[in-house]
Amino acid sequence: MSTLSGRMSGERAYDDLDNFSIDNEPKQKQARRIPGSRLKSIFSGKVLVFLIFILLSVFFILLVTGVIKCSETNETVEEFQAQVQMQVSHALNNVSEKSDVEEIGLRIQEYVSQMGTRVMEKLSRNITDLMNAFSRKLESLPRPEYQYPQCPDDWTYFNGSCYLFSTVKASWSDSQKYCSIQQAHLLVINTMEEQYFVAMKSKTKESWFGLHDRGTENKWEWVDGTDYEATAKYWAPGEPNNANSGEDCAQTDVSGRWNDNDCSKNLFFICEHEARSA
């Protein structure tokens, strides 16, 4: 907004004020030639003070109105105020009739109106230009993957996939069946970010995910066919250990690290499927 103020202050919107004057010298000379001018001068002096008071009241009302209309352009208002005060002070020295006061009031009102109109027009143009620039910038930005995800109710979106963190327990096989019914599969962890997301979201729950070596001992396989050897591994220290020769399915422990466990054990589980765009 300071840029707008600077540019407005540079405009000489009120140069006409420099040429503003009230030429009433002939009227003053005529007044001195009228009989009874002494009494009339006293009366006129009181009227003049009253008119000056009215003029100043009108001036300040109009000035406040101008300030309200142009609150965003303080520098322009201050310049306008200084110019008007100077011209009004000069004009008051030559005021002799009510018509002169009315003319000054009308001129001030006209200048205030012009200033408000010009300021609002420029402010409107600047706001329009700013919104257009913002729209063009927004359109040029790539759309993030999470902008239009479609995940089922109770599923959580993360980095292009939907995740279901179960609230019930089941065996590893039943967990995989349930995920399949949901057109999903048990969780497959592909990145470190996904590992951290799951660890934080599972909240210390021990949960089945889609890794097992049920076909051949110590030959771990992901349920979606992802190459186990090509992915990062997050086993807890000492795992997998195939305790009691019966631990062929992988689960997350309370810290989110991996542990092998008996596939028939009932644990919470995590399903995953790719998010569908709108």
# chains A, B, ... in the order shown; residues from 1 in each chain; ligands from 1
$ select_by_dssp --residues "region 150-266 of chain A" --states "strand (DSSP E or B)" --output "list in words"
Gln150, Thr156, Tyr157, Phe158, Ser161, Cys162, Tyr163, Leu164, Phe165, Ala170, His185, Leu186, Ser207, Trp208, Phe209, Gly210, Leu211, His212, Glu221, Trp222, Trp235, Cys249, Ala250, Gln251, Thr252, Trp258, Asn259, Asp260 and Asn261 of chain A
$ residues_around --residues "Thr216 (chain A)" --least-positions-apart "3" --cutoff "12 Å" --atoms "only C-alpha atoms" --output "ChimeraX atom specification"
/A:212-213,219-221,247-249
$ write_last_selection --atoms "N, CA, C and O atoms" --output "short mmCIF file (atom, residue, chain, number, x, y, z; two decimals), in the first residue's frame"
data_model
loop_
_atom_site.label_atom_id
_atom_site.label_comp_id
_atom_site.auth_asym_id
_atom_site.auth_seq_id
_atom_site.Cartn_x
_atom_site.Cartn_y
_atom_site.Cartn_z
N HIS A 212 6.19 -61.07 4.51
CA HIS A 212 6.19 -62.43 5.09
C HIS A 212 7.28 -63.27 4.43
O HIS A 212 7.81 -62.94 3.37
N ASP A 213 7.61 -64.39 5.09
CA ASP A 213 8.51 -65.39 4.49
C ASP A 213 7.91 -66.78 4.65
O ASP A 213 8.59 -67.75 4.96
N LYS A 219 13.24 -65.77 3.27
CA LYS A 219 13.09 -65.15 1.97
C LYS A 219 11.83 -64.29 2.02
O LYS A 219 10.72 -64.73 1.72
N TRP A 220 12.06 -63.04 2.40
CA TRP A 220 10.93 -62.15 2.67
C TRP A 220 10.34 -61.59 1.38
O TRP A 220 11.06 -61.28 0.43
N GLU A 221 9.01 -61.52 1.37
CA GLU A 221 8.29 -61.07 0.18
C GLU A 221 7.23 -60.03 0.56
O GLU A 221 6.57 -60.16 1.59
N GLU A 247 7.85 -67.84 13.25
CA GLU A 247 7.51 -66.44 13.02
C GLU A 247 7.78 -66.08 11.54
O GLU A 247 8.91 -65.85 11.14
N ASP A 248 6.70 -66.08 10.78
CA ASP A 248 6.84 -65.90 9.33
C ASP A 248 6.15 -64.64 8.80
O ASP A 248 6.14 -64.42 7.58
N CYS A 249 5.58 -63.86 9.67
CA CYS A 249 4.87 -62.65 9.22
C CYS A 249 5.41 -61.43 9.98
O CYS A 249 5.80 -61.52 11.15
#
$ residues_around --residues "region 256-271 of chain A" --least-positions-apart "2" --cutoff "9 Å" --atoms "only C-alpha atoms" --output "PyMOL selection string"
chain A and resi 162-173+175-176+178-180+182+184-188+195-196+198-200+202-210+212+214+233-243+246-254+273
